[in-house]
Amino acid sequence: MVKVAGIDSSTQSCKVVVVDGDTGEILASGRASHPDGSEVAPAAWWDALQQAASQVDLSDVAAVAVAGQQHGMVCLDADGEVIRDALLWNDTRSAQAAVDLVNDFGDGDAEAGGRWWADAVGSVPVASYTVTKLRWLADNETDNAAKVAAVALPHDWLTWKLLGTGHLEDLVTDRSDASGTGYFDPVSNQYRRDILAAALRIDEAAAEKIVLPRVAEPGEVVGKGTLGGASFDVGAGMGDNAGSALGMGLKAGDMVVSIGTSGVVCGVSETPSRDASGLVSGFADATGRFLPLACTLNGARVLDATARTLGVDHNELSDLALAADSGSDGLVFVPYMEGERTPNLPDATGSLHGLTLTSMTRENLARSAVEGIVCSLVDALDCLVDSGAQVERVLLTGGAAASSAVQSVAPRLFPVPVAMPAAGEYVALGSARQAAWAHSGEAEPPTWKLEVTDLPKGEPDPSVVERYRSVRPWS
Ligand SMILES: Nc1ncnc2c1ncn2[C@@H]1O[C@H](COP(=O)(O)OP(=O)(O)O)[C@@H](O)[C@H]1O
Ligand SMILES: O=C(CO)[C@@H](O)[C@H](O)COP(=O)(O)O
């Protein structure tokens, strides 16, 4: 048996799994928390990674790969030092920079700009993307912008720490994460230095000198890494959503619906997506294909906040939600509590509608929060359907998928059957699968079995989505 390890450095925590590389069976796992906030010192991720890794035995692990939260801006100076705390995917301070960048490339016309961006890199920038964070840096922290010698993403930086050379030239990434920067074209597999230059307001000659991580092949060994005295092959790693797709061995027609910090709907595709409206991101996956994706800013934390407000834990919140009727007696919770990305409403706030003397109960509040999140993801799924995605089944994952209430509500509201993969950390499993693939030297990743359980359909209730759509702040 070849043992491999996969790492998921996501928004709220770092998870490590040690896996049988032949079967995908999880042999051991570790976990450590990340600090709160949308601006984080990358050193905190490295600390958490080491802490999570110290909970497992890596001594006989042959290969490791890191999947990470997408888009975060890690700027390094010429000595390889981090210039400022990373701005994460859910930091919306660069919303105006996104508007400016779209307009700039459309000669002041946002629609033309959208078409230009979709054609150039497959996605229209919103505040989440790295490119907008770089423009924000150029406009707001000129001293820091002037120091930028390299730009990496969270998983690139952690992979580089594992490789341990400290040389900027050894930074390495993969197509999936590069495709979330806004300055990488996942069709030609080339960086767009002209876009990088525009973002940083520098000329192209200066942009050429900025080190961007080399884009490795999906199944490549990018070097030898060390951690806690163990040494191993290192895979290229990937963005976390490409990680869950690889961890599940996603097939055409299956859509991952992840309710972690973000809400995500994505599926693999043989063809690139170019949605000029910007609702669907035209990302790459971790196998050489594409990963059209719609992402919301408001996933599991909406339930965290609701549980906190009601003074209950997640199991009690779920019990409360399940004690209410479908439709929450008319209470509708629009969950845009951190602004929203799908659709692009960075300044939006959450709202409660339909409050009456009878609807205002703890049970209805709990259920409306669950229904609100699921409805926002039904909207996201619709964006993918509208862009031509093949949608036959939803595979539910992410931290909040553990909620019985989510498992009960989702099949009533999604227009396709919903299944749950067996409990597991699929992002970390995806990076483990990539590690096994890289170590094997084979052309394809190893075949691992995915166990899924179909969730009972329940009584479909289209009125819940209809009522939600009648009050959400867009149509
Ligand atoms: N049983 C549960 N019900 C609802 N939410 C849950 C439950 N268990 C965990 N969560 C929430 O899931 C989130 C963590 O999910 P995870 O997918 O690990 O997030 P991320 O990958 O963004 O760090 C946290 O906000 C946590 O409170
Ligand atoms: O921005 C996106 C996808 O475009 C997010 O999905 C991030 O990749 C963070 O993921 P989680 O920590 O919520 O898993």
# chains A, B, ... in the order shown; residues from 1 in each chain; ligands from 1
call {"tool": "residues_near_ligand", "arguments": {"ligand": "ligand 2", "cutoff": "6 Å", "atoms": "only C-alpha atoms and all ligand atoms", "output": "PDB file with C-alpha atoms, in the first residue's frame"}}
result
ATOM      1  CA  SER A  10      -9.860  26.304   3.503  1.00  0.00           C
ATOM      2  CA  THR A  11     -11.301  29.487   4.912  1.00  0.00           C
ATOM      3  CA  GLN A  69      -9.322  28.402  -0.589  1.00  0.00           C
ATOM      4  CA  GLN A  70      -9.300  30.126  -3.976  1.00  0.00           C
ATOM      5  CA  TRP A  89     -11.914  35.525  -1.534  1.00  0.00           C
ATOM      6  CA  ASP A 240     -10.457  23.760  -3.022  1.00  0.00           C
ATOM      7  CA  GLY A 260     -18.842  25.609   3.661  1.00  0.00           C
ATOM      8  CA  THR A 261     -17.976  29.232   4.350  1.00  0.00           C
ATOM      9  CA  SER A 262     -18.911  29.788   0.727  1.00  0.00           C
ATOM     10  CA  VAL A 264     -20.673  26.639  -4.233  1.00  0.00           C
ATOM     11  CA  CYS A 295     -20.239  30.812  -5.668  1.00  0.00           C
TER      12      CYS A 295
END
call {"tool": "residues_near_ligand", "arguments": {"ligand": "ligand 1", "cutoff": "6 Å", "atoms": "only C-alpha atoms and all ligand atoms", "output": "ChimeraX atom specification"}}
result
/A:10-13,260-262,300-301,303-304,314,398-400,402-403
call {"tool": "write_last_selection", "arguments": {"atoms": "C-alpha atoms", "output": "tab-separated table (two decimals), in the first residue's frame"}}
result
chain	number	residue	atom	x	y	z
A	10	SER	CA	-9.86	26.30	3.50
A	11	THR	CA	-11.30	29.49	4.91
A	12	GLN	CA	-12.01	28.35	8.45
A	13	SER	CA	-9.57	25.52	9.01
A	260	GLY	CA	-18.84	25.61	3.66
A	261	THR	CA	-17.98	29.23	4.35
A	262	SER	CA	-18.91	29.79	0.73
A	300	ALA	CA	-22.54	27.74	6.64
A	301	ARG	CA	-21.91	30.95	8.57
A	303	LEU	CA	-26.44	28.87	10.13
A	304	ASP	CA	-23.66	29.65	12.62
A	314	HIS	CA	-26.05	23.00	15.29
A	398	GLY	CA	-19.22	21.04	2.99
A	399	GLY	CA	-19.51	21.55	6.74
A	400	ALA	CA	-23.22	22.41	6.78
A	402	ALA	CA	-23.88	17.50	8.12
A	403	SER	CA	-27.10	19.26	9.18
call {"tool": "select_by_dssp", "arguments": {"residues": "stretch 194-361 of chain A", "states": "alpha helix (DSSP H)", "output": "ChimeraX atom specification"}}
result
/A:194-200,204-209,240-248,300-310,314-323
call {"tool": "atom_distance", "arguments": {"atom1": "atom CA of A:Ala428", "atom2": "atom CA of A:Gln390"}}
result
25.8 Å
call {"tool": "residues_around", "arguments": {"residues": "A:Ala321", "least_positions_apart": "5", "cutoff": "7 Å", "atoms": "only C-alpha atoms", "output": "PyMOL selection string"}}
result
chain A and resi 363-364+366-367+405
call {"tool": "closest_atom_pairs", "arguments": {"of": "stretch 242-319 of chain A", "to": "stretch 435-442 of chain A", "cutoff": "12 Å", "atoms": "only C-alpha atoms", "output": "CSV"}}
result
residue,atom,partner,partner_atom,distance
A:Gly243,CA,A:Ala435,CA,11.4
A:Leu246,CA,A:Trp437,CA,11.1
A:Gly247,CA,A:Ala435,CA,11.4
A:Ala286,CA,A:Trp437,CA,11.4
A:Thr287,CA,A:Trp437,CA,10.4
call {"tool": "closest_residue", "arguments": {"among": "A:Val471, A:Leu137, A:Cys375, A:Val18", "to": "A:Leu413", "atoms": "only C-alpha atoms"}}
result
A:Cys375
call {"tool": "residues_around", "arguments": {"residues": "A:Gly278", "least_positions_apart": "5", "cutoff": "8 Å", "atoms": "only C-alpha atoms", "output": "list of chain:residue names"}}
result
A:Gly114, A:Ala118, A:Ser123, A:Val124, A:Pro125, A:Val126
call {"tool": "write_last_selection", "arguments": {"atoms": "N, CA and C atoms", "output": "CSV table (one decimal), in the first residue's frame"}}
result
chain,number,residue,atom,x,y,z
A,114,GLY,N,-17.7,43.0,-19.8
A,114,GLY,CA,-18.0,41.6,-19.4
A,114,GLY,C,-17.7,40.6,-20.6
A,118,ALA,N,-14.9,37.6,-20.3
A,118,ALA,CA,-15.3,36.2,-20.4
A,118,ALA,C,-14.5,35.6,-21.6
A,123,SER,N,-13.9,34.4,-17.2
A,123,SER,CA,-14.7,34.9,-16.0
A,123,SER,C,-14.7,36.4,-16.0
A,124,VAL,N,-15.7,37.0,-15.5
A,124,VAL,CA,-15.8,38.4,-15.4
A,124,VAL,C,-15.5,38.7,-13.9
A,125,PRO,N,-14.5,39.6,-13.6
A,125,PRO,CA,-14.1,39.8,-12.2
A,125,PRO,C,-15.1,40.3,-11.3
A,126,VAL,N,-15.2,39.8,-10.1
A,126,VAL,CA,-15.9,40.3,-9.0
A,126,VAL,C,-14.9,40.5,-7.9
call {"tool": "residues_around", "arguments": {"residues": "A:Asn103", "least_positions_apart": "6", "cutoff": "8 Å", "atoms": "only C-alpha atoms", "output": "compact mmCIF listing (two decimals) with N, CA and C atoms, in the first residue's frame"}}
result
# COMPACT_ATOMS: atom_id res chain seq x y z
N ASP A 109 -18.00 50.66 -21.10
CA ASP A 109 -19.28 49.96 -21.25
C ASP A 109 -19.18 48.62 -20.51
N ALA A 110 -19.94 48.47 -19.42
CA ALA A 110 -19.81 47.29 -18.57
C ALA A 110 -20.16 46.00 -19.32
N GLY A 113 -17.34 45.20 -21.49
CA GLY A 113 -16.27 44.74 -20.60
C GLY A 113 -16.48 43.30 -20.17
call {"tool": "atom_distance", "arguments": {"atom1": "atom CA of A:Leu365", "atom2": "atom CA of A:Tyr468"}}
result
14.2 Å
call {"tool": "decode", "arguments": {"residues": "stretch 200-340 of chain A", "atoms": "C-alpha atoms", "output": "mmCIF file, in the first residue's frame"}}
result
data_model
loop_
_atom_site.group_PDB
_atom_site.id
_atom_site.type_symbol
_atom_site.label_atom_id
_atom_site.label_comp_id
_atom_site.auth_asym_id
_atom_site.auth_seq_id
_atom_site.Cartn_x
_atom_site.Cartn_y
_atom_site.Cartn_z
ATOM 1 C CA LEU A 200 -1.243 46.900 -10.908
ATOM 2 C CA ARG A 201 -1.199 50.015 -13.124
ATOM 3 C CA ILE A 202 2.284 49.177 -14.398
ATOM 4 C CA ASP A 203 3.582 48.640 -17.901
ATOM 5 C CA GLU A 204 3.831 45.170 -19.434
ATOM 6 C CA ALA A 205 7.606 45.126 -19.200
ATOM 7 C CA ALA A 206 7.323 45.594 -15.421
ATOM 8 C CA ALA A 207 4.549 42.981 -15.234
ATOM 9 C CA GLU A 208 6.809 40.483 -17.033
ATOM 10 C CA LYS A 209 9.253 40.754 -14.135
ATOM 11 C CA ILE A 210 6.696 39.790 -11.490
ATOM 12 C CA VAL A 211 7.023 36.127 -10.615
ATOM 13 C CA LEU A 212 3.813 34.184 -11.083
ATOM 14 C CA PRO A 213 3.771 30.550 -9.989
ATOM 15 C CA ARG A 214 4.632 28.084 -12.751
ATOM 16 C CA VAL A 215 1.491 26.243 -13.836
ATOM 17 C CA ALA A 216 2.270 22.547 -13.377
ATOM 18 C CA GLU A 217 0.615 19.632 -15.147
ATOM 19 C CA PRO A 218 -2.259 18.029 -13.198
ATOM 20 C CA GLY A 219 -0.410 14.797 -12.371
ATOM 21 C CA GLU A 220 3.052 16.262 -11.968
ATOM 22 C CA VAL A 221 5.491 15.837 -9.081
ATOM 23 C CA VAL A 222 6.649 19.425 -8.536
ATOM 24 C CA GLY A 223 9.458 18.595 -6.121
ATOM 25 C CA LYS A 224 10.377 17.046 -2.794
ATOM 26 C CA GLY A 225 8.787 18.432 0.341
ATOM 27 C CA THR A 226 9.419 18.087 4.037
ATOM 28 C CA LEU A 227 7.191 18.442 7.068
ATOM 29 C CA GLY A 228 7.807 17.436 10.674
ATOM 30 C CA GLY A 229 10.868 15.402 9.688
ATOM 31 C CA ALA A 230 9.063 13.478 6.913
ATOM 32 C CA SER A 231 9.970 13.904 3.254
ATOM 33 C CA PHE A 232 7.758 13.127 0.271
ATOM 34 C CA ASP A 233 6.875 13.957 -3.335
ATOM 35 C CA VAL A 234 4.747 17.063 -3.709
ATOM 36 C CA GLY A 235 1.866 17.400 -6.174
ATOM 37 C CA ALA A 236 0.872 20.693 -7.782
ATOM 38 C CA GLY A 237 -2.144 21.130 -5.505
ATOM 39 C CA MET A 238 -5.348 22.901 -6.576
ATOM 40 C CA GLY A 239 -8.154 25.241 -5.643
ATOM 41 C CA ASP A 240 -10.457 23.760 -3.022
ATOM 42 C CA ASN A 241 -13.436 23.384 -5.345
ATOM 43 C CA ALA A 242 -11.369 21.526 -7.924
ATOM 44 C CA GLY A 243 -10.253 19.467 -4.915
ATOM 45 C CA SER A 244 -13.757 18.363 -3.995
ATOM 46 C CA ALA A 245 -14.501 17.586 -7.664
ATOM 47 C CA LEU A 246 -11.382 15.396 -7.863
ATOM 48 C CA GLY A 247 -12.070 13.867 -4.438
ATOM 49 C CA MET A 248 -15.490 12.752 -5.644
ATOM 50 C CA GLY A 249 -14.268 11.750 -9.091
ATOM 51 C CA LEU A 250 -17.043 13.960 -10.449
ATOM 52 C CA LYS A 251 -18.851 12.700 -13.557
ATOM 53 C CA ALA A 252 -20.725 14.729 -16.186
ATOM 54 C CA GLY A 253 -24.204 15.605 -14.900
ATOM 55 C CA ASP A 254 -23.178 15.563 -11.238
ATOM 56 C CA MET A 255 -23.008 18.970 -9.576
ATOM 57 C CA VAL A 256 -21.206 19.511 -6.298
ATOM 58 C CA VAL A 257 -23.201 21.731 -3.951
ATOM 59 C CA SER A 258 -20.876 22.698 -1.131
ATOM 60 C CA ILE A 259 -22.062 24.572 1.952
ATOM 61 C CA GLY A 260 -18.842 25.609 3.661
ATOM 62 C CA THR A 261 -17.976 29.232 4.350
ATOM 63 C CA SER A 262 -18.911 29.788 0.727
ATOM 64 C CA GLY A 263 -21.868 28.235 -0.992
ATOM 65 C CA VAL A 264 -20.673 26.639 -4.233
ATOM 66 C CA VAL A 265 -22.290 24.893 -7.159
ATOM 67 C CA CYS A 266 -19.900 23.447 -9.730
ATOM 68 C CA GLY A 267 -19.498 20.597 -12.176
ATOM 69 C CA VAL A 268 -16.849 19.291 -14.537
ATOM 70 C CA SER A 269 -17.078 20.017 -18.241
ATOM 71 C CA GLU A 270 -15.083 19.135 -21.337
ATOM 72 C CA THR A 271 -15.687 22.613 -22.730
ATOM 73 C CA PRO A 272 -14.805 26.020 -21.281
ATOM 74 C CA SER A 273 -17.479 28.341 -19.964
ATOM 75 C CA ARG A 274 -17.546 32.032 -20.975
ATOM 76 C CA ASP A 275 -20.439 33.684 -19.199
ATOM 77 C CA ALA A 276 -20.296 37.401 -20.003
ATOM 78 C CA SER A 277 -22.895 38.124 -17.292
ATOM 79 C CA GLY A 278 -20.281 37.053 -14.742
ATOM 80 C CA LEU A 279 -22.653 34.778 -12.809
ATOM 81 C CA VAL A 280 -20.770 31.637 -13.819
ATOM 82 C CA SER A 281 -17.007 31.530 -13.304
ATOM 83 C CA GLY A 282 -15.209 29.708 -16.097
ATOM 84 C CA PHE A 283 -12.632 27.940 -13.965
ATOM 85 C CA ALA A 284 -10.454 24.928 -14.790
ATOM 86 C CA ASP A 285 -10.601 21.647 -12.875
ATOM 87 C CA ALA A 286 -7.672 19.604 -11.582
ATOM 88 C CA THR A 287 -7.666 16.979 -14.338
ATOM 89 C CA GLY A 288 -7.224 19.072 -17.483
ATOM 90 C CA ARG A 289 -10.918 19.809 -17.963
ATOM 91 C CA PHE A 290 -13.082 22.777 -16.888
ATOM 92 C CA LEU A 291 -15.080 23.573 -13.761
ATOM 93 C CA PRO A 292 -17.883 26.071 -14.363
ATOM 94 C CA LEU A 293 -18.823 27.353 -10.918
ATOM 95 C CA ALA A 294 -21.212 29.714 -9.162
ATOM 96 C CA CYS A 295 -20.239 30.812 -5.668
ATOM 97 C CA THR A 296 -22.119 32.640 -2.928
ATOM 98 C CA LEU A 297 -20.570 34.496 0.000
ATOM 99 C CA ASN A 298 -23.148 33.148 2.434
ATOM 100 C CA GLY A 299 -22.923 29.474 3.282
ATOM 101 C CA ALA A 300 -22.543 27.743 6.637
ATOM 102 C CA ARG A 301 -21.912 30.950 8.569
ATOM 103 C CA VAL A 302 -25.545 31.946 8.100
ATOM 104 C CA LEU A 303 -26.444 28.873 10.125
ATOM 105 C CA ASP A 304 -23.660 29.651 12.621
ATOM 106 C CA ALA A 305 -25.149 33.131 13.134
ATOM 107 C CA THR A 306 -28.703 31.796 13.384
ATOM 108 C CA ALA A 307 -27.671 29.169 15.940
ATOM 109 C CA ARG A 308 -25.836 31.838 17.938
ATOM 110 C CA THR A 309 -28.869 34.129 17.871
ATOM 111 C CA LEU A 310 -31.137 31.345 19.068
ATOM 112 C CA GLY A 311 -28.622 30.230 21.709
ATOM 113 C CA VAL A 312 -28.427 26.666 20.367
ATOM 114 C CA ASP A 313 -25.842 24.354 18.835
ATOM 115 C CA HIS A 314 -26.051 23.000 15.294
ATOM 116 C CA ASN A 315 -27.954 19.846 16.240
ATOM 117 C CA GLU A 316 -30.534 21.877 18.154
ATOM 118 C CA LEU A 317 -30.806 24.339 15.261
ATOM 119 C CA SER A 318 -31.490 21.439 12.941
ATOM 120 C CA ASP A 319 -34.133 20.033 15.331
ATOM 121 C CA LEU A 320 -35.818 23.441 15.484
ATOM 122 C CA ALA A 321 -35.814 23.742 11.689
ATOM 123 C CA LEU A 322 -37.273 20.252 11.305
ATOM 124 C CA ALA A 323 -40.026 21.100 13.806
ATOM 125 C CA ALA A 324 -41.286 23.903 11.509
ATOM 126 C CA ASP A 325 -43.390 23.334 8.391
ATOM 127 C CA SER A 326 -41.947 23.650 4.910
ATOM 128 C CA GLY A 327 -42.084 27.346 4.003
ATOM 129 C CA SER A 328 -41.494 28.469 7.607
ATOM 130 C CA ASP A 329 -45.050 29.781 7.869
ATOM 131 C CA GLY A 330 -44.254 32.464 5.303
ATOM 132 C CA LEU A 331 -40.982 33.612 6.880
ATOM 133 C CA VAL A 332 -38.346 34.155 4.181
ATOM 134 C CA PHE A 333 -34.680 34.646 5.044
ATOM 135 C CA VAL A 334 -32.549 36.190 2.302
ATOM 136 C CA PRO A 335 -29.085 35.250 3.516
ATOM 137 C CA TYR A 336 -26.913 37.967 1.903
ATOM 138 C CA MET A 337 -25.298 38.728 5.262
ATOM 139 C CA GLU A 338 -21.768 39.262 3.932
ATOM 140 C CA GLY A 339 -22.848 41.041 0.768
ATOM 141 C CA GLU A 340 -23.310 38.682 -2.185
#
